[in-house]
Amino acid sequence: MDWKNLRKFAKKDITKSCGIIERDEKTIPEAVAIKYFPMAVDKAEGALVWDADGNRYIDFLTSAAVYNIGHSHPAVVEAVKAQVQKLQNYTTVYFYNDRPVKLAEMLTASMPGDSPKKAAFGFGGSDAVDSAIKAARAFTGRKWILSFKDSYHGMTYGSLSATGIIDGKTKECLCPDARIAFAEYPDPYRNSWGIDGYAEPEKLAAAAMEAVKDAVAGLEGGLAGILIEPAQGDGGMIFPPKAFMQQLVEFAKQSGAVFIDEEVQTGMARSGKMWAIEHFDVVPDLLVSAKALGGGMPISALVGRSDILDSVPVPFFAYTHTGHSVNCAAAAAVLETLQEEDLARQAAEKGARLAAWFRKQAENYPFIGDVRQQGLLMGVDIVSDKEKRTPDKAMALKISWAAWERGLILITFGKHGNVLRVAPPLNIPEDLLDEGLEIMNASLDDAASGRVPEGVLPLLKGW
Ligand SMILES: Cc1ncc(COP(=O)(O)O)c(C=O)c1O
């Protein structure tokens, strides 16, 4: 990020942030980041974040859908403190420990389906996706994984190989796993078939199933698994037709392939249900969770059928810190908090309110092309031509810059980089939600009225 030039446009004092960025540039490789704003985060609480200069922000990003229960929730802080004081961790590779056992019991109970289940733990979404690929291949004895174009699954070797939003050419220098096939994800708003998937979901589902069958036809080595996000997050928060997911699960069953529900971004009550796959009335074989699971502590889980997970040879799920006691204690506190605060319901209600608000704004701002929402999984698609649905990344970046200037953390994502990512904590208090929407309104107006300097655009990278 060209923060030195970007800084010239910032109206607030960001001196301390810039000092940290200068040191960061000297010591941390660029590949770590897609930085948005010249901002160093100093502290956070609930739905609020402060930067190093003391500027206050309402958080509509929650550290990329991590703080579903808010920053530094007292339940997590207490669980972590108590666990650190008693035992930080002792490797579960060699001995037993009831903290990962308790978490595995909670997670297996939360997953749909009656088959006996187990859970294996890691640290982030990427490694859990790798574990899912391992399990699918070990169980079936087959080689290929079907993933989807514009999907994001992570940056370890396996998960990066299965990530569709980064093109094959860019990945080539890393020699990614070649045995991943890709099919088009059925985007109701914009797809290569020219189908309006909101008006004709069945037709879109049929076209997408054809693409799936074409993608896996004749794969030498056979289809081991199908890896799919129940809503494509970094693709721009795309919700596929229910019929598609149902047919895909059936197709996996008929083909003897493992169906992997990738819920790193969609899970933990954000969709208005504990797991987003529940909206489709299907039962996955495996489920991948991370991000919000640890309430800010790094933990991932691969949950699912015991027969599949037990097919993985010893010790292929072994990491020194697997099932780390502190992270497991934090995750158990998160799961309890989701229940105690009824956060799936809160997500459903607040999400419906936000979507209605954005749809109303679309009457004033023609660049709001599509408002996609399920609970507090939400994307607002910004377009330059509403009829043609032409993505307008520049306008989306202007809105997010204006929001940042005014004290709202709101970034863009999506396969065209033109979608506003709206992901506040599920328990954001009503007054902060109102304040966030006031800032959003002013930011839409700033962008629409040409008050955001054109000069910031070449300096903002975004997705
Ligand atoms: C859907 C999805 N899967 C996997 C990942 C990778 O997770 P992590 O960055 O924790 O490794 C992400 C991260 O953004 C994600 O959104």
# chains A, B, ... in the order shown; residues from 1 in each chain; ligands from 1
>>> residues_around(residues="Pro188 in chain A", least_positions_apart="5", cutoff="8 Å", atoms="only C-alpha atoms", output="PyMOL selection string")
chain A and resi 195-198+201+204+238-241
>>> residues_near_ligand(ligand="ligand 1", cutoff="6 Å", atoms="only C-alpha atoms and all ligand atoms", output="PyMOL selection string")
chain A and resi 124-126+152-154+233+264-265+291
>>> write_last_selection(atoms="N, CA and C atoms", output="PDB file, in the first residue's frame")
ATOM      1  N   GLY A 124      -6.414 -22.465  11.818  1.00  0.00           N
ATOM      2  CA  GLY A 124      -7.048 -21.497  10.930  1.00  0.00           C
ATOM      3  C   GLY A 124      -7.804 -22.246   9.853  1.00  0.00           C
ATOM      4  N   GLY A 125      -8.570 -21.477   9.068  1.00  0.00           N
ATOM      5  CA  GLY A 125      -9.375 -22.111   8.032  1.00  0.00           C
ATOM      6  C   GLY A 125      -8.541 -22.916   7.051  1.00  0.00           C
ATOM      7  N   SER A 126      -7.375 -22.378   6.701  1.00  0.00           N
ATOM      8  CA  SER A 126      -6.560 -23.019   5.667  1.00  0.00           C
ATOM      9  C   SER A 126      -6.174 -24.451   6.058  1.00  0.00           C
ATOM     10  N   TYR A 152     -12.787 -19.007  -1.986  1.00  0.00           N
ATOM     11  CA  TYR A 152     -11.565 -18.779  -1.207  1.00  0.00           C
ATOM     12  C   TYR A 152     -11.509 -19.847  -0.120  1.00  0.00           C
ATOM     13  N   HIS A 153     -10.395 -20.613  -0.102  1.00  0.00           N
ATOM     14  CA  HIS A 153     -10.278 -21.665   0.911  1.00  0.00           C
ATOM     15  C   HIS A 153      -9.018 -21.537   1.760  1.00  0.00           C
ATOM     16  N   GLY A 154      -8.117 -20.598   1.425  1.00  0.00           N
ATOM     17  CA  GLY A 154      -6.959 -20.409   2.289  1.00  0.00           C
ATOM     18  C   GLY A 154      -5.648 -20.391   1.541  1.00  0.00           C
ATOM     19  N   GLY A 233     -18.112 -16.499   0.218  1.00  0.00           N
ATOM     20  CA  GLY A 233     -17.787 -15.291   0.974  1.00  0.00           C
ATOM     21  C   GLY A 233     -16.958 -14.302   0.182  1.00  0.00           C
ATOM     22  N   VAL A 264     -15.904 -21.754   7.067  1.00  0.00           N
ATOM     23  CA  VAL A 264     -14.932 -20.912   7.774  1.00  0.00           C
ATOM     24  C   VAL A 264     -15.474 -19.495   7.961  1.00  0.00           C
ATOM     25  N   GLN A 265     -16.133 -18.971   6.940  1.00  0.00           N
ATOM     26  CA  GLN A 265     -16.650 -17.601   7.006  1.00  0.00           C
ATOM     27  C   GLN A 265     -18.145 -17.558   7.364  1.00  0.00           C
ATOM     28  N   LYS A 291     -12.121 -19.171  11.974  1.00  0.00           N
ATOM     29  CA  LYS A 291     -12.465 -17.755  12.197  1.00  0.00           C
ATOM     30  C   LYS A 291     -13.192 -17.516  13.525  1.00  0.00           C
TER      31      LYS A 291
END
>>> residues_around(residues="range 131-136 of chain A", least_positions_apart="5", cutoff="7 Å", atoms="only C-alpha atoms", output="PyMOL selection string")
chain A and resi 224-225+258+302+308-309+311-312+317
>>> atom_distance(atom1="CA of Ala82 in chain A", atom2="CA of Gly46 in chain A")
20.6 Å
>>> atom_distance(atom1="CA of His71 in chain A", atom2="CA of Arg406 in chain A")
20.5 Å
>>> residues_around(residues="range 387-394 of chain A", least_positions_apart="3", cutoff="9 Å", atoms="only C-alpha atoms", output="PyMOL selection string")
chain A and resi 189-190+367+369-370+381-384+397-399+412+416-419+457
>>> closest_atom_pairs(of="range 33-100 of chain A", to="range 18-26 of chain A", cutoff="9 Å", atoms="only C-alpha atoms", output="CSV")
residue,atom,partner,partner_atom,distance
A:Pro38,CA,A:Cys18,CA,6.5
A:Met39,CA,A:Cys18,CA,7.3
A:Ala40,CA,A:Ile20,CA,6.9
A:Ala52,CA,A:Ile20,CA,8.6
>>> closest_residue(among="A:Pro424, A:Pro29, A:Pro112, A:Pro458", to="Asp59 in chain A", atoms="only C-alpha atoms")
A:Pro424
>>> closest_residue(among="A:Leu408, A:Val249, A:Ile34, A:Val282", to="Leu432 in chain A", atoms="only C-alpha atoms")
A:Leu408
>>> residues_around(residues="Leu433 in chain A", least_positions_apart="2", cutoff="10 Å", atoms="only C-alpha atoms", output="list in words")
Ala47, Ile58, Asp59, Phe60, Lys350, Leu354, Pro424, Pro425, Asn427, Ile428, Pro429, Glu430, Asp431, Glu435, Gly436, Leu437, Glu438 and Ile439 of chain A
>>> write_last_selection(atoms="N, CA, C and O atoms", output="short mmCIF file (atom, residue, chain, number, x, y, z; two decimals), in the first residue's frame")
data_model
loop_
_atom_site.label_atom_id
_atom_site.label_comp_id
_atom_site.auth_asym_id
_atom_site.auth_seq_id
_atom_site.Cartn_x
_atom_site.Cartn_y
_atom_site.Cartn_z
N ALA A 47 -18.17 -3.91 19.62
CA ALA A 47 -18.24 -3.58 18.20
C ALA A 47 -17.37 -2.36 17.87
O ALA A 47 -17.51 -1.78 16.80
N ILE A 58 -16.55 2.10 14.35
CA ILE A 58 -17.53 1.00 14.51
C ILE A 58 -17.09 -0.09 13.54
O ILE A 58 -16.72 0.18 12.40
N ASP A 59 -17.12 -1.32 14.02
CA ASP A 59 -16.51 -2.41 13.24
C ASP A 59 -17.55 -3.19 12.44
O ASP A 59 -18.27 -4.02 12.98
N PHE A 60 -17.61 -2.93 11.13
CA PHE A 60 -18.48 -3.71 10.24
C PHE A 60 -17.67 -4.78 9.51
O PHE A 60 -18.10 -5.28 8.47
N LYS A 350 -31.14 -8.55 12.88
CA LYS A 350 -30.36 -7.36 12.49
C LYS A 350 -30.05 -7.38 11.00
O LYS A 350 -30.04 -6.35 10.33
N LEU A 354 -30.86 -4.53 8.28
CA LEU A 354 -29.82 -3.91 7.44
C LEU A 354 -30.17 -4.03 5.96
O LEU A 354 -30.00 -3.08 5.19
N PRO A 424 -20.91 -6.87 10.84
CA PRO A 424 -20.71 -6.44 12.23
C PRO A 424 -20.82 -7.63 13.19
O PRO A 424 -21.29 -8.70 12.79
N PRO A 425 -20.42 -7.46 14.44
CA PRO A 425 -20.67 -8.53 15.42
C PRO A 425 -22.17 -8.81 15.50
O PRO A 425 -22.98 -7.90 15.31
N ASN A 427 -23.90 -9.39 18.05
CA ASN A 427 -24.52 -8.73 19.22
C ASN A 427 -24.23 -7.24 19.25
O ASN A 427 -24.26 -6.63 20.33
N ILE A 428 -23.97 -6.64 18.10
CA ILE A 428 -23.73 -5.19 18.07
C ILE A 428 -24.94 -4.48 18.69
O ILE A 428 -26.09 -4.77 18.32
N PRO A 429 -24.71 -3.59 19.66
CA PRO A 429 -25.85 -2.90 20.27
C PRO A 429 -26.58 -2.03 19.25
O PRO A 429 -25.96 -1.51 18.33
N GLU A 430 -27.89 -1.87 19.47
CA GLU A 430 -28.72 -1.13 18.51
C GLU A 430 -28.19 0.29 18.27
O GLU A 430 -28.21 0.78 17.15
N ASP A 431 -27.71 0.96 19.36
CA ASP A 431 -27.27 2.35 19.16
C ASP A 431 -26.04 2.41 18.25
O ASP A 431 -25.89 3.31 17.44
N GLU A 435 -25.68 4.16 14.65
CA GLU A 435 -24.58 5.09 14.34
C GLU A 435 -23.83 4.63 13.09
O GLU A 435 -23.46 5.44 12.23
N GLY A 436 -23.63 3.31 12.99
CA GLY A 436 -22.96 2.75 11.80
C GLY A 436 -23.74 3.07 10.53
O GLY A 436 -23.15 3.43 9.50
N LEU A 437 -25.05 2.98 10.61
CA LEU A 437 -25.87 3.26 9.42
C LEU A 437 -25.87 4.75 9.08
O LEU A 437 -25.91 5.11 7.90
N GLU A 438 -25.80 5.59 10.11
CA GLU A 438 -25.69 7.04 9.83
C GLU A 438 -24.40 7.32 9.07
O GLU A 438 -24.38 8.07 8.10
N ILE A 439 -23.31 6.68 9.53
CA ILE A 439 -22.03 6.89 8.85
C ILE A 439 -22.10 6.31 7.42
O ILE A 439 -21.62 6.91 6.47
#
>>> atom_distance(atom1="CA of Asp434 in chain A", atom2="CA of Ala75 in chain A")
25.5 Å
>>> residues_around(residues="range 2-7 of chain A", least_positions_apart="2", cutoff="7 Å", atoms="only C-alpha atoms", output="JSON, numbers by chain")
{"A": [9, 10, 38, 456, 459]}
>>> write_last_selection(atoms="N, CA, C and O atoms", output="PDB file, in the first residue's frame")
ATOM      1  N   PHE A   9      -4.351  12.244   1.819  1.00  0.00           N
ATOM      2  CA  PHE A   9      -5.798  12.436   1.653  1.00  0.00           C
ATOM      3  C   PHE A   9      -6.567  12.296   2.964  1.00  0.00           C
ATOM      4  O   PHE A   9      -7.725  12.690   3.054  1.00  0.00           O
ATOM      5  N   ALA A  10      -5.930  11.696   3.960  1.00  0.00           N
ATOM      6  CA  ALA A  10      -6.648  11.429   5.214  1.00  0.00           C
ATOM      7  C   ALA A  10      -6.873  12.733   5.980  1.00  0.00           C
ATOM      8  O   ALA A  10      -5.941  13.523   6.153  1.00  0.00           O
ATOM      9  N   PRO A  38      -4.442   3.194   5.814  1.00  0.00           N
ATOM     10  CA  PRO A  38      -3.260   3.403   6.658  1.00  0.00           C
ATOM     11  C   PRO A  38      -3.673   3.466   8.133  1.00  0.00           C
ATOM     12  O   PRO A  38      -3.764   4.530   8.727  1.00  0.00           O
ATOM     13  N   VAL A 456      -7.413   9.092  -4.397  1.00  0.00           N
ATOM     14  CA  VAL A 456      -7.232   7.944  -3.487  1.00  0.00           C
ATOM     15  C   VAL A 456      -7.352   6.618  -4.256  1.00  0.00           C
ATOM     16  O   VAL A 456      -6.784   5.604  -3.846  1.00  0.00           O
ATOM     17  N   LEU A 459      -4.502   4.432  -5.228  1.00  0.00           N
ATOM     18  CA  LEU A 459      -3.715   4.042  -4.054  1.00  0.00           C
ATOM     19  C   LEU A 459      -4.413   2.958  -3.234  1.00  0.00           C
ATOM     20  O   LEU A 459      -3.795   2.303  -2.395  1.00  0.00           O
TER      21      LEU A 459
END
>>> closest_residue(among="A:Val326, A:Trp401, A:Asn364, A:Pro313", to="Lys86 in chain A", atoms="only C-alpha atoms")
A:Val326
>>> residues_around(residues="Lys117 in chain A", least_positions_apart="6", cutoff="6 Å", atoms="only C-alpha atoms", output="VMD selection string")
chain A and resid 108 304 to 306
